[in-house]
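S.K.: So I've got this file, upload.pdb, and it contains PDB, C-alpha atoms:
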```
ATOM      1  CA  ALA A   1      10.348 -15.294 -44.712  1.00  0.00           C
ATOM      2  CA  GLN A   2      14.041 -15.706 -44.277  1.00  0.00           C
ATOM      3  CA  LYS A   3      16.009 -14.661 -41.251  1.00  0.00           C
ATOM      4  CA  VAL A   4      19.627 -14.792 -40.136  1.00  0.00           C
ATOM      5  CA  THR A   5      20.581 -14.397 -36.499  1.00  0.00           C
ATOM      6  CA  GLN A   6      24.056 -13.614 -35.298  1.00  0.00           C
ATOM      7  CA  ALA A   7      23.560 -13.499 -31.568  1.00  0.00           C
ATOM      8  CA  GLN A   8      27.079 -12.324 -30.790  1.00  0.00           C
ATOM      9  CA  THR A   9      27.250  -8.590 -31.331  1.00  0.00           C
ATOM     10  CA  GLU A  10      30.874  -8.230 -30.302  1.00  0.00           C
ATOM     11  CA  ILE A  11      33.654 -10.651 -29.464  1.00  0.00           C
ATOM     12  CA  SER A  12      37.074  -9.770 -28.152  1.00  0.00           C
ATOM     13  CA  VAL A  13      39.929 -12.258 -28.033  1.00  0.00           C
ATOM     14  CA  VAL A  14      43.656 -12.249 -27.602  1.00  0.00           C
ATOM     15  CA  GLU A  15      45.845 -13.144 -30.524  1.00  0.00           C
ATOM     16  CA  LYS A  16      46.319 -16.888 -31.105  1.00  0.00           C
ATOM     17  CA  GLU A  17      43.057 -17.773 -29.429  1.00  0.00           C
ATOM     18  CA  ASP A  18      40.481 -19.730 -31.381  1.00  0.00           C
ATOM     19  CA  VAL A  19      37.124 -18.048 -31.854  1.00  0.00           C
ATOM     20  CA  THR A  20      33.770 -19.243 -33.178  1.00  0.00           C
ATOM     21  CA  LEU A  21      31.187 -16.934 -34.686  1.00  0.00           C
ATOM     22  CA  ASP A  22      27.655 -18.256 -34.542  1.00  0.00           C
ATOM     23  CA  CYS A  23      25.042 -18.049 -37.248  1.00  0.00           C
ATOM     24  CA  VAL A  24      21.516 -19.435 -37.089  1.00  0.00           C
ATOM     25  CA  TYR A  25      19.149 -19.150 -40.002  1.00  0.00           C
ATOM     26  CA  GLU A  26      15.477 -19.599 -40.721  1.00  0.00           C
ATOM     27  CA  THR A  27      13.997 -20.503 -44.058  1.00  0.00           C
ATOM     28  CA  ARG A  28      11.132 -22.536 -45.450  1.00  0.00           C
ATOM     29  CA  ASP A  29      13.001 -23.272 -48.637  1.00  0.00           C
ATOM     30  CA  THR A  30      14.379 -26.714 -49.345  1.00  0.00           C
ATOM     31  CA  THR A  31      17.267 -25.301 -51.305  1.00  0.00           C
ATOM     32  CA  TYR A  32      19.208 -22.252 -50.276  1.00  0.00           C
ATOM     33  CA  TYR A  33      22.707 -20.830 -50.012  1.00  0.00           C
ATOM     34  CA  LEU A  34      24.632 -19.666 -46.979  1.00  0.00           C
ATOM     35  CA  PHE A  35      27.494 -17.207 -47.005  1.00  0.00           C
ATOM     36  CA  TRP A  36      30.049 -15.578 -44.768  1.00  0.00           C
ATOM     37  CA  TYR A  37      31.507 -12.176 -45.577  1.00  0.00           C
ATOM     38  CA  LYS A  38      34.217 -10.191 -43.808  1.00  0.00           C
ATOM     39  CA  GLN A  39      34.027  -6.406 -43.548  1.00  0.00           C
ATOM     40  CA  PRO A  40      37.297  -4.847 -42.352  1.00  0.00           C
ATOM     41  CA  PRO A  41      37.405  -1.200 -41.229  1.00  0.00           C
ATOM     42  CA  SER A  42      37.912  -0.112 -44.844  1.00  0.00           C
ATOM     43  CA  GLY A  43      34.311  -1.118 -45.500  1.00  0.00           C
ATOM     44  CA  GLU A  44      34.621  -3.516 -48.386  1.00  0.00           C
ATOM     45  CA  LEU A  45      32.818  -6.832 -48.010  1.00  0.00           C
ATOM     46  CA  VAL A  46      35.104  -9.746 -48.689  1.00  0.00           C
ATOM     47  CA  PHE A  47      33.529 -13.031 -49.727  1.00  0.00           C
ATOM     48  CA  LEU A  48      34.731 -15.914 -47.567  1.00  0.00           C
ATOM     49  CA  ILE A  49      32.555 -18.907 -48.334  1.00  0.00           C
ATOM     50  CA  ARG A  50      29.357 -20.134 -49.935  1.00  0.00           C
ATOM     51  CA  ARG A  51      27.605 -23.307 -48.870  1.00  0.00           C
ATOM     52  CA  ASN A  52      24.728 -24.981 -50.712  1.00  0.00           C
ATOM     53  CA  SER A  53      21.961 -26.418 -48.601  1.00  0.00           C
ATOM     54  CA  PHE A  54      22.392 -29.911 -49.982  1.00  0.00           C
ATOM     55  CA  ASP A  55      26.086 -29.991 -49.130  1.00  0.00           C
ATOM     56  CA  GLU A  56      26.606 -30.474 -45.419  1.00  0.00           C
ATOM     57  CA  GLN A  57      30.297 -31.147 -45.632  1.00  0.00           C
ATOM     58  CA  ASN A  58      32.298 -28.969 -43.342  1.00  0.00           C
ATOM     59  CA  GLU A  59      35.041 -26.949 -44.903  1.00  0.00           C
ATOM     60  CA  ILE A  60      38.478 -25.840 -43.860  1.00  0.00           C
ATOM     61  CA  SER A  61      40.516 -23.138 -45.521  1.00  0.00           C
ATOM     62  CA  GLY A  62      43.735 -22.387 -43.733  1.00  0.00           C
ATOM     63  CA  ARG A  63      42.851 -21.007 -40.308  1.00  0.00           C
ATOM     64  CA  TYR A  64      39.174 -20.762 -41.234  1.00  0.00           C
ATOM     65  CA  SER A  65      36.648 -23.536 -40.866  1.00  0.00           C
ATOM     66  CA  TRP A  66      32.898 -23.726 -41.195  1.00  0.00           C
ATOM     67  CA  ASN A  67      30.452 -26.082 -39.548  1.00  0.00           C
ATOM     68  CA  PHE A  68      27.129 -26.462 -41.350  1.00  0.00           C
ATOM     69  CA  GLN A  69      24.473 -28.269 -39.310  1.00  0.00           C
ATOM     70  CA  LYS A  70      21.171 -28.486 -41.118  1.00  0.00           C
ATOM     71  CA  SER A  71      19.518 -30.171 -38.122  1.00  0.00           C
ATOM     72  CA  THR A  72      20.077 -27.060 -36.010  1.00  0.00           C
ATOM     73  CA  SER A  73      19.951 -24.554 -38.882  1.00  0.00           C
ATOM     74  CA  SER A  74      23.383 -23.296 -38.021  1.00  0.00           C
ATOM     75  CA  PHE A  75      26.400 -22.311 -40.059  1.00  0.00           C
ATOM     76  CA  ASN A  76      29.146 -21.427 -37.612  1.00  0.00           C
ATOM     77  CA  PHE A  77      32.527 -19.995 -38.491  1.00  0.00           C
ATOM     78  CA  THR A  78      35.718 -20.733 -36.550  1.00  0.00           C
ATOM     79  CA  ILE A  79      38.992 -18.899 -36.798  1.00  0.00           C
ATOM     80  CA  THR A  80      41.908 -20.864 -35.418  1.00  0.00           C
ATOM     81  CA  ALA A  81      44.918 -19.082 -33.940  1.00  0.00           C
ATOM     82  CA  SER A  82      43.385 -15.667 -34.500  1.00  0.00           C
ATOM     83  CA  GLN A  83      45.494 -12.754 -35.674  1.00  0.00           C
ATOM     84  CA  VAL A  84      45.113  -9.007 -35.351  1.00  0.00           C
ATOM     85  CA  VAL A  85      44.333  -8.814 -39.080  1.00  0.00           C
ATOM     86  CA  ASP A  86      41.245 -10.909 -38.451  1.00  0.00           C
ATOM     87  CA  SER A  87      39.665  -7.949 -36.666  1.00  0.00           C
ATOM     88  CA  ALA A  88      36.568  -7.044 -38.645  1.00  0.00           C
ATOM     89  CA  VAL A  89      32.814  -7.337 -38.756  1.00  0.00           C
ATOM     90  CA  TYR A  90      31.707 -10.725 -40.007  1.00  0.00           C
ATOM     91  CA  PHE A  91      28.349 -11.189 -41.674  1.00  0.00           C
ATOM     92  CA  CYS A  92      26.457 -14.394 -42.232  1.00  0.00           C
ATOM     93  CA  ALA A  93      23.953 -14.300 -45.098  1.00  0.00           C
ATOM     94  CA  LEU A  94      21.294 -16.455 -46.705  1.00  0.00           C
ATOM     95  CA  SER A  95      19.751 -16.526 -50.166  1.00  0.00           C
ATOM     96  CA  ARG A  96      17.055 -18.605 -51.748  1.00  0.00           C
ATOM     97  CA  GLY A  97      17.944 -21.381 -54.125  1.00  0.00           C
ATOM     98  CA  LEU A  98      16.772 -21.707 -57.697  1.00  0.00           C
ATOM     99  CA  ASN A  99      14.445 -24.560 -56.852  1.00  0.00           C
ATOM    100  CA  SER A 100      12.769 -22.370 -54.273  1.00  0.00           C
ATOM    101  CA  GLY A 101      11.539 -19.905 -56.811  1.00  0.00           C
ATOM    102  CA  GLY A 102      14.128 -17.494 -55.824  1.00  0.00           C
ATOM    103  CA  SER A 103      14.119 -15.242 -57.705  1.00  0.00           C
ATOM    104  CA  ASN A 104      16.612 -12.530 -57.869  1.00  0.00           C
ATOM    105  CA  TYR A 105      19.202 -13.990 -55.523  1.00  0.00           C
ATOM    106  CA  LYS A 106      18.674 -11.455 -52.793  1.00  0.00           C
ATOM    107  CA  LEU A 107      20.814 -11.864 -49.721  1.00  0.00           C
ATOM    108  CA  THR A 108      19.406 -11.729 -46.221  1.00  0.00           C
ATOM    109  CA  PHE A 109      22.124 -10.603 -43.845  1.00  0.00           C
ATOM    110  CA  GLY A 110      22.550 -11.111 -40.149  1.00  0.00           C
ATOM    111  CA  LYS A 111      23.391  -8.084 -38.049  1.00  0.00           C
ATOM    112  CA  GLY A 112      27.057  -8.977 -38.001  1.00  0.00           C
ATOM    113  CA  THR A 113      29.581  -9.809 -35.302  1.00  0.00           C
ATOM    114  CA  LEU A 114      32.392  -7.398 -34.538  1.00  0.00           C
ATOM    115  CA  LEU A 115      35.517  -9.397 -33.842  1.00  0.00           C
ATOM    116  CA  THR A 116      38.417  -7.653 -32.166  1.00  0.00           C
ATOM    117  CA  VAL A 117      41.679  -9.526 -31.897  1.00  0.00           C
ATOM    118  CA  ASN A 118      44.044  -7.897 -29.449  1.00  0.00           C
ATOM    119  CA  PRO A 119      47.812  -8.368 -29.618  1.00  0.00           C
TER     120      PRO A 119
ATOM    121  CA  GLY B 120      38.489 -12.731 -60.802  1.00  0.00           C
ATOM    122  CA  ALA B 121      35.091 -11.306 -59.849  1.00  0.00           C
ATOM    123  CA  VAL B 122      36.237  -7.791 -59.004  1.00  0.00           C
ATOM    124  CA  VAL B 123      33.709  -5.022 -58.469  1.00  0.00           C
ATOM    125  CA  SER B 124      34.643  -1.352 -58.285  1.00  0.00           C
ATOM    126  CA  GLN B 125      32.744   1.691 -57.097  1.00  0.00           C
ATOM    127  CA  HIS B 126      33.285   5.345 -57.805  1.00  0.00           C
ATOM    128  CA  PRO B 127      33.599   7.653 -56.020  1.00  0.00           C
ATOM    129  CA  SER B 128      34.803   6.100 -52.797  1.00  0.00           C
ATOM    130  CA  ARG B 129      33.837   9.194 -50.846  1.00  0.00           C
ATOM    131  CA  VAL B 130      31.701  12.206 -51.644  1.00  0.00           C
ATOM    132  CA  ILE B 131      30.663  15.286 -49.730  1.00  0.00           C
ATOM    133  CA  CYS B 132      27.912  17.415 -51.183  1.00  0.00           C
ATOM    134  CA  LYS B 133      25.544  20.192 -50.284  1.00  0.00           C
ATOM    135  CA  SER B 134      21.944  19.525 -49.455  1.00  0.00           C
ATOM    136  CA  GLY B 135      19.764  19.615 -52.551  1.00  0.00           C
ATOM    137  CA  THR B 136      22.331  18.387 -55.007  1.00  0.00           C
ATOM    138  CA  SER B 137      22.277  15.053 -56.784  1.00  0.00           C
ATOM    139  CA  VAL B 138      25.032  12.487 -56.480  1.00  0.00           C
ATOM    140  CA  LYS B 139      25.784   9.653 -58.880  1.00  0.00           C
ATOM    141  CA  ILE B 140      27.582   6.518 -57.754  1.00  0.00           C
ATOM    142  CA  GLU B 141      28.956   4.039 -60.271  1.00  0.00           C
ATOM    143  CA  CYS B 142      29.327   0.322 -59.793  1.00  0.00           C
ATOM    144  CA  ARG B 143      31.378  -1.644 -62.289  1.00  0.00           C
ATOM    145  CA  SER B 144      32.160  -5.307 -62.684  1.00  0.00           C
ATOM    146  CA  LEU B 145      35.743  -5.250 -63.923  1.00  0.00           C
ATOM    147  CA  ASP B 146      36.394  -8.739 -65.165  1.00  0.00           C
ATOM    148  CA  PHE B 147      32.966 -10.167 -65.768  1.00  0.00           C
ATOM    149  CA  GLN B 148      29.547  -9.255 -67.059  1.00  0.00           C
ATOM    150  CA  ALA B 149      26.797  -8.945 -64.513  1.00  0.00           C
ATOM    151  CA  THR B 150      23.171  -9.119 -65.542  1.00  0.00           C
ATOM    152  CA  THR B 151      22.152  -8.485 -61.950  1.00  0.00           C
ATOM    153  CA  MET B 152      23.592  -5.964 -59.526  1.00  0.00           C
ATOM    154  CA  PHE B 153      22.371  -4.956 -56.108  1.00  0.00           C
ATOM    155  CA  TRP B 154      22.506  -1.724 -54.138  1.00  0.00           C
ATOM    156  CA  TYR B 155      22.755  -1.721 -50.368  1.00  0.00           C
ATOM    157  CA  ARG B 156      22.839   0.948 -47.718  1.00  0.00           C
ATOM    158  CA  GLN B 157      24.642   0.565 -44.423  1.00  0.00           C
ATOM    159  CA  PHE B 158      24.407   2.799 -41.377  1.00  0.00           C
ATOM    160  CA  PRO B 159      27.260   2.899 -38.851  1.00  0.00           C
ATOM    161  CA  LYS B 160      27.545  -0.322 -36.901  1.00  0.00           C
ATOM    162  CA  LYS B 161      24.528  -1.743 -38.659  1.00  0.00           C
ATOM    163  CA  SER B 162      23.897  -4.484 -41.155  1.00  0.00           C
ATOM    164  CA  LEU B 163      23.399  -4.045 -44.865  1.00  0.00           C
ATOM    165  CA  MET B 164      19.968  -3.060 -46.067  1.00  0.00           C
ATOM    166  CA  LEU B 165      19.079  -4.027 -49.610  1.00  0.00           C
ATOM    167  CA  MET B 166      17.709  -1.027 -51.478  1.00  0.00           C
ATOM    168  CA  ALA B 167      17.122  -2.406 -54.938  1.00  0.00           C
ATOM    169  CA  THR B 168      17.964  -5.034 -57.489  1.00  0.00           C
ATOM    170  CA  SER B 169      19.314  -3.720 -60.766  1.00  0.00           C
ATOM    171  CA  ASN B 170      18.767  -5.769 -63.896  1.00  0.00           C
ATOM    172  CA  GLU B 171      20.511  -4.944 -67.140  1.00  0.00           C
ATOM    173  CA  GLY B 172      18.134  -3.544 -69.695  1.00  0.00           C
ATOM    174  CA  SER B 173      15.123  -3.339 -67.421  1.00  0.00           C
ATOM    175  CA  LYS B 174      13.776  -1.334 -64.547  1.00  0.00           C
ATOM    176  CA  ALA B 175      15.187  -1.836 -61.106  1.00  0.00           C
ATOM    177  CA  THR B 176      13.194  -3.634 -58.440  1.00  0.00           C
ATOM    178  CA  TYR B 177      13.025  -1.598 -55.262  1.00  0.00           C
ATOM    179  CA  GLU B 178      12.593  -2.941 -51.751  1.00  0.00           C
ATOM    180  CA  GLN B 179       9.650  -1.856 -49.697  1.00  0.00           C
ATOM    181  CA  GLY B 180      10.127   1.596 -48.250  1.00  0.00           C
ATOM    182  CA  VAL B 181      12.799   2.707 -50.722  1.00  0.00           C
ATOM    183  CA  GLU B 182      11.770   5.706 -52.785  1.00  0.00           C
ATOM    184  CA  LYS B 183      12.413   4.969 -56.433  1.00  0.00           C
ATOM    185  CA  ASP B 184      12.257   8.631 -57.370  1.00  0.00           C
ATOM    186  CA  LYS B 185      14.806   9.439 -54.715  1.00  0.00           C
ATOM    187  CA  PHE B 186      17.245   6.686 -55.578  1.00  0.00           C
ATOM    188  CA  LEU B 187      17.441   6.345 -59.335  1.00  0.00           C
ATOM    189  CA  ILE B 188      19.076   3.206 -60.633  1.00  0.00           C
ATOM    190  CA  ASN B 189      20.253   2.620 -64.161  1.00  0.00           C
ATOM    191  CA  HIS B 190      21.846  -0.585 -65.432  1.00  0.00           C
ATOM    192  CA  ALA B 191      22.712   0.398 -68.952  1.00  0.00           C
ATOM    193  CA  SER B 192      25.311  -2.241 -69.670  1.00  0.00           C
ATOM    194  CA  LEU B 193      26.441  -5.606 -68.423  1.00  0.00           C
ATOM    195  CA  THR B 194      29.311  -4.025 -66.520  1.00  0.00           C
ATOM    196  CA  LEU B 195      27.846  -0.820 -65.141  1.00  0.00           C
ATOM    197  CA  SER B 196      25.064   0.119 -62.791  1.00  0.00           C
ATOM    198  CA  THR B 197      24.580   3.614 -61.393  1.00  0.00           C
ATOM    199  CA  LEU B 198      22.760   4.873 -58.338  1.00  0.00           C
ATOM    200  CA  THR B 199      21.774   8.531 -58.299  1.00  0.00           C
ATOM    201  CA  VAL B 200      20.700  10.074 -55.030  1.00  0.00           C
ATOM    202  CA  THR B 201      18.506  12.940 -56.140  1.00  0.00           C
ATOM    203  CA  SER B 202      18.148  16.126 -54.133  1.00  0.00           C
ATOM    204  CA  ALA B 203      20.243  14.677 -51.367  1.00  0.00           C
ATOM    205  CA  HIS B 204      19.583  15.627 -47.762  1.00  0.00           C
ATOM    206  CA  PRO B 205      21.592  15.010 -44.595  1.00  0.00           C
ATOM    207  CA  GLU B 206      19.518  11.942 -43.766  1.00  0.00           C
ATOM    208  CA  ASP B 207      20.765  10.361 -46.991  1.00  0.00           C
ATOM    209  CA  SER B 208      24.282  10.353 -45.589  1.00  0.00           C
ATOM    210  CA  SER B 209      25.346   6.738 -45.424  1.00  0.00           C
ATOM    211  CA  PHE B 210      27.629   4.049 -46.778  1.00  0.00           C
ATOM    212  CA  TYR B 211      26.354   2.719 -50.097  1.00  0.00           C
ATOM    213  CA  ILE B 212      27.596  -0.628 -51.356  1.00  0.00           C
ATOM    214  CA  CYS B 213      26.904  -2.388 -54.604  1.00  0.00           C
ATOM    215  CA  SER B 214      27.303  -6.033 -55.456  1.00  0.00           C
ATOM    216  CA  ALA B 215      27.261  -8.013 -58.655  1.00  0.00           C
ATOM    217  CA  ARG B 216      26.135 -11.534 -59.235  1.00  0.00           C
ATOM    218  CA  SER B 217      28.926 -13.528 -60.741  1.00  0.00           C
ATOM    219  CA  PRO B 218      28.074 -14.845 -64.175  1.00  0.00           C
ATOM    220  CA  LEU B 219      30.258 -17.792 -63.398  1.00  0.00           C
ATOM    221  CA  ALA B 220      27.376 -18.812 -61.198  1.00  0.00           C
ATOM    222  CA  GLY B 221      25.993 -22.005 -62.518  1.00  0.00           C
ATOM    223  CA  ARG B 222      22.967 -23.611 -61.032  1.00  0.00           C
ATOM    224  CA  ASN B 223      24.696 -24.206 -57.753  1.00  0.00           C
ATOM    225  CA  GLN B 224      27.376 -21.556 -57.686  1.00  0.00           C
ATOM    226  CA  GLU B 225      25.445 -18.455 -56.700  1.00  0.00           C
ATOM    227  CA  THR B 226      27.707 -15.771 -55.244  1.00  0.00           C
ATOM    228  CA  GLN B 227      27.589 -12.008 -54.960  1.00  0.00           C
ATOM    229  CA  TYR B 228      30.774  -9.974 -55.011  1.00  0.00           C
ATOM    230  CA  PHE B 229      30.806  -6.565 -53.408  1.00  0.00           C
ATOM    231  CA  GLY B 230      32.325  -3.250 -54.333  1.00  0.00           C
ATOM    232  CA  PRO B 231      34.399  -1.236 -51.852  1.00  0.00           C
ATOM    233  CA  GLY B 232      31.517   1.093 -51.038  1.00  0.00           C
ATOM    234  CA  THR B 233      30.895   4.829 -51.262  1.00  0.00           C
ATOM    235  CA  ARG B 234      30.666   7.054 -48.224  1.00  0.00           C
ATOM    236  CA  LEU B 235      28.209   9.859 -48.824  1.00  0.00           C
ATOM    237  CA  LEU B 236      28.065  12.881 -46.553  1.00  0.00           C
ATOM    238  CA  VAL B 237      25.397  15.476 -47.238  1.00  0.00           C
ATOM    239  CA  LEU B 238      25.920  18.784 -45.505  1.00  0.00           C
TER     240      LEU B 238
END
```
Any chance you could give the structure as structure tokens?
M.R.:
Amino acid sequence: AQKVTQAQTEISVVEKEDVTLDCVYETRDTTYYLFWYKQPPSGELVFLIRRNSFDEQNEISGRYSWNFQKSTSSFNFTITASQVVDSAVYFCALSRGLNSGGSNYKLTFGKGTLLTVNP
Amino acid sequence: GAVVSQHPSRVICKSGTSVKIECRSLDFQATTMFWYRQFPKKSLMLMATSNEGSKATYEQGVEKDKFLINHASLTLSTLTVTSAHPEDSSFYICSARSPLAGRNQETQYFGPGTRLLVL
């Protein structure tokens, strides 16, 4: 069975602070995909990043960066110099890879972390 | 690219009526779409996987006769909540698997969601 744990339910920071959102996953598959999505108050889920299990390179996109550590089964997300517009619920998700017999690409979501960036 | 729309964005109906929600992939064809339900301040719960031209696959505990899914074309999937009751009030979100997904490019793109309120 797959599981995604986002231990931080809510985080509150002041604008310009850096913030890291944690994500720990469990899977028995050798190949899998990890995702981060942003859900602003409007409700729409915005795709941020996908990471394949065989690619442990960290990634940076503007103020966003992701740290994938297979050894600790973690895929943490850092926002540098946070802004008020970053306020949202952030979801980490996991899906099985093709080589794992998976199937219909179902996503397993964590419970989400509510990030509030105060001015 | 990879834009998914949902209609309506918000619906209020009387108990006992049926409500149809449409999910469209606007700039790509999606053989697989997914329907999720989200309660306030909760994570997304996968309801069913919708495959074009075949019957939907429902998750355990989801009543297939209550939540009818039709995926008649490569760009449209519909979810019909039959004989809706107040407990069906929720935020319903669809997603579509991008056909650009090659072997290692699996990504789901989400619609903006539909808020259903049953009185």
S.K.: Give me the residues within 8 Å of Val24 (chain A) as JSON, numbers by chain, counting only C-alpha atoms and dropping any in the same chain fewer than 2 places off.
M.R.: {"A": [4, 5, 6, 22, 26, 72, 73, 74, 75, 76]}
S.K.: Which polymer residues have any atom within 10 Å of an atom of region 183-188 of chain B, counting all atoms listed in the file, with same-chain residues fewer than 4 positions away left out, as a list in words?
M.R.: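 Non-adjacent residues within range: Ser137, Val138, Lys139, Ile140, Glu141, Phe153, Trp154, Met166, Ala167, Thr168, Ser169, Asn170, Lys174, Ala175, Thr176, Tyr177, Glu178, Gln179, Ser196, Thr197, Leu198, Thr199, Val200, Thr201, Ser202, Ala203 and Asp207 of chain B.
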S.K.: Please find the residues of chain B near chain A - the criterion being any atom within 12 Å, counting all atoms listed in the file - and write them as a PyMOL selection string.
M.R.: chain B and resi 121-125+128-129+150-170+175-178+209-217+220-234
S.K.: Once you have the residues from the selection above, write them out as a PDB file, in the frame of the given file, restricted to C-alpha atoms.
M.R.:
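Result written to result04.pdb:
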```
ATOM      1  CA  ALA B 121      35.091 -11.306 -59.849  1.00  0.00           C
ATOM      2  CA  VAL B 122      36.237  -7.791 -59.004  1.00  0.00           C
ATOM      3  CA  VAL B 123      33.709  -5.022 -58.469  1.00  0.00           C
ATOM      4  CA  SER B 124      34.643  -1.352 -58.285  1.00  0.00           C
ATOM      5  CA  GLN B 125      32.744   1.691 -57.097  1.00  0.00           C
ATOM      6  CA  SER B 128      34.803   6.100 -52.797  1.00  0.00           C
ATOM      7  CA  ARG B 129      33.837   9.194 -50.846  1.00  0.00           C
ATOM      8  CA  THR B 150      23.171  -9.119 -65.542  1.00  0.00           C
ATOM      9  CA  THR B 151      22.152  -8.485 -61.950  1.00  0.00           C
ATOM     10  CA  MET B 152      23.592  -5.964 -59.526  1.00  0.00           C
ATOM     11  CA  PHE B 153      22.371  -4.956 -56.108  1.00  0.00           C
ATOM     12  CA  TRP B 154      22.506  -1.724 -54.138  1.00  0.00           C
ATOM     13  CA  TYR B 155      22.755  -1.721 -50.368  1.00  0.00           C
ATOM     14  CA  ARG B 156      22.839   0.948 -47.718  1.00  0.00           C
ATOM     15  CA  GLN B 157      24.642   0.565 -44.423  1.00  0.00           C
ATOM     16  CA  PHE B 158      24.407   2.799 -41.377  1.00  0.00           C
ATOM     17  CA  PRO B 159      27.260   2.899 -38.851  1.00  0.00           C
ATOM     18  CA  LYS B 160      27.545  -0.322 -36.901  1.00  0.00           C
ATOM     19  CA  LYS B 161      24.528  -1.743 -38.659  1.00  0.00           C
ATOM     20  CA  SER B 162      23.897  -4.484 -41.155  1.00  0.00           C
ATOM     21  CA  LEU B 163      23.399  -4.045 -44.865  1.00  0.00           C
ATOM     22  CA  MET B 164      19.968  -3.060 -46.067  1.00  0.00           C
ATOM     23  CA  LEU B 165      19.079  -4.027 -49.610  1.00  0.00           C
ATOM     24  CA  MET B 166      17.709  -1.027 -51.478  1.00  0.00           C
ATOM     25  CA  ALA B 167      17.122  -2.406 -54.938  1.00  0.00           C
ATOM     26  CA  THR B 168      17.964  -5.034 -57.489  1.00  0.00           C
ATOM     27  CA  SER B 169      19.314  -3.720 -60.766  1.00  0.00           C
ATOM     28  CA  ASN B 170      18.767  -5.769 -63.896  1.00  0.00           C
ATOM     29  CA  ALA B 175      15.187  -1.836 -61.106  1.00  0.00           C
ATOM     30  CA  THR B 176      13.194  -3.634 -58.440  1.00  0.00           C
ATOM     31  CA  TYR B 177      13.025  -1.598 -55.262  1.00  0.00           C
ATOM     32  CA  GLU B 178      12.593  -2.941 -51.751  1.00  0.00           C
ATOM     33  CA  SER B 209      25.346   6.738 -45.424  1.00  0.00           C
ATOM     34  CA  PHE B 210      27.629   4.049 -46.778  1.00  0.00           C
ATOM     35  CA  TYR B 211      26.354   2.719 -50.097  1.00  0.00           C
ATOM     36  CA  ILE B 212      27.596  -0.628 -51.356  1.00  0.00           C
ATOM     37  CA  CYS B 213      26.904  -2.388 -54.604  1.00  0.00           C
ATOM     38  CA  SER B 214      27.303  -6.033 -55.456  1.00  0.00           C
ATOM     39  CA  ALA B 215      27.261  -8.013 -58.655  1.00  0.00           C
ATOM     40  CA  ARG B 216      26.135 -11.534 -59.235  1.00  0.00           C
ATOM     41  CA  SER B 217      28.926 -13.528 -60.741  1.00  0.00           C
ATOM     42  CA  ALA B 220      27.376 -18.812 -61.198  1.00  0.00           C
ATOM     43  CA  GLY B 221      25.993 -22.005 -62.518  1.00  0.00           C
ATOM     44  CA  ARG B 222      22.967 -23.611 -61.032  1.00  0.00           C
ATOM     45  CA  ASN B 223      24.696 -24.206 -57.753  1.00  0.00           C
ATOM     46  CA  GLN B 224      27.376 -21.556 -57.686  1.00  0.00           C
ATOM     47  CA  GLU B 225      25.445 -18.455 -56.700  1.00  0.00           C
ATOM     48  CA  THR B 226      27.707 -15.771 -55.244  1.00  0.00           C
ATOM     49  CA  GLN B 227      27.589 -12.008 -54.960  1.00  0.00           C
ATOM     50  CA  TYR B 228      30.774  -9.974 -55.011  1.00  0.00           C
ATOM     51  CA  PHE B 229      30.806  -6.565 -53.408  1.00  0.00           C
ATOM     52  CA  GLY B 230      32.325  -3.250 -54.333  1.00  0.00           C
ATOM     53  CA  PRO B 231      34.399  -1.236 -51.852  1.00  0.00           C
ATOM     54  CA  GLY B 232      31.517   1.093 -51.038  1.00  0.00           C
ATOM     55  CA  THR B 233      30.895   4.829 -51.262  1.00  0.00           C
ATOM     56  CA  ARG B 234      30.666   7.054 -48.224  1.00  0.00           C
TER      57      ARG B 234
END
```
S.K.: So how far away is CA of Tyr25 (chain A) from CA of Thr80 (chain A), in Å?
M.R.: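 These two atoms are separated by 23.3 Å.
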S.K.: Please compute the CA of Ala93 (chain A)-CA of Pro41 (chain A) distance, one decimal, in Å.
M.R.: 19.2 Å
S.K.: Measure the distance from CA of Glu206 (chain B) to CA of Lys38 (chain A) in Å and round it to one decimal.
M.R.: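 Computing it gives 26.6 Å between the two atoms.
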S.K.: Name the residues captured by the PyMOL selection byres ((chain B and resi 205) around 9) when it is applied to the shown file; answer as a list in words.
M.R.: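 Selection result, ordered by chain and number: Lys133, Ser134, Ala203, His204, Glu206, Asp207, Ser208, Leu236, Val237 and Leu238 of chain B.
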S.K.: Write out as a list in words each polymer residue whose atoms come within 7 Å of region 63-68 of chain A, counting only C-alpha atoms; drop sequence neighbours fewer than 2 positions from it.
M.R.: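 The filter keeps Glu56, Asn58, Glu59, Ile60, Ser61, Lys70, Ser74, Phe75, Asn76, Phe77, Thr78, Ile79, Thr80 and Ala81 of chain A.
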S.K.: If we count all atoms listed in the file and set the cut-off at 8 Å, which residues sit around Thr27 (chain A), ignoring sequence neighbours fewer than 6 positions away in its own chain? Please answer as a VMD selection string.
M.R.: chain A and resid 1 to 3
S.K.: Since we have the selection now, will you write its residues out, keeping C-alpha atoms, as a short mmCIF file (atom, residue, chain, number, x, y, z; two decimals), in the frame of the given file?
M.R.:
```
data_model
loop_
_atom_site.label_atom_id
_atom_site.label_comp_id
_atom_site.auth_asym_id
_atom_site.auth_seq_id
_atom_site.Cartn_x
_atom_site.Cartn_y
_atom_site.Cartn_z
CA ALA A 1 10.35 -15.29 -44.71
CA GLN A 2 14.04 -15.71 -44.28
CA LYS A 3 16.01 -14.66 -41.25
#
```
S.K.: Determine the residue set returned by the PyMOL selection byres ((chain A and resi 119) around 7) for the present structure, and present it as a list of chain:residue names.
M.R.: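 Going through the file, the PyMOL selection byres ((chain A and resi 119) around 7) ends up selecting A:Val14, A:Glu15, A:Val84, A:Val117, A:Asn118.
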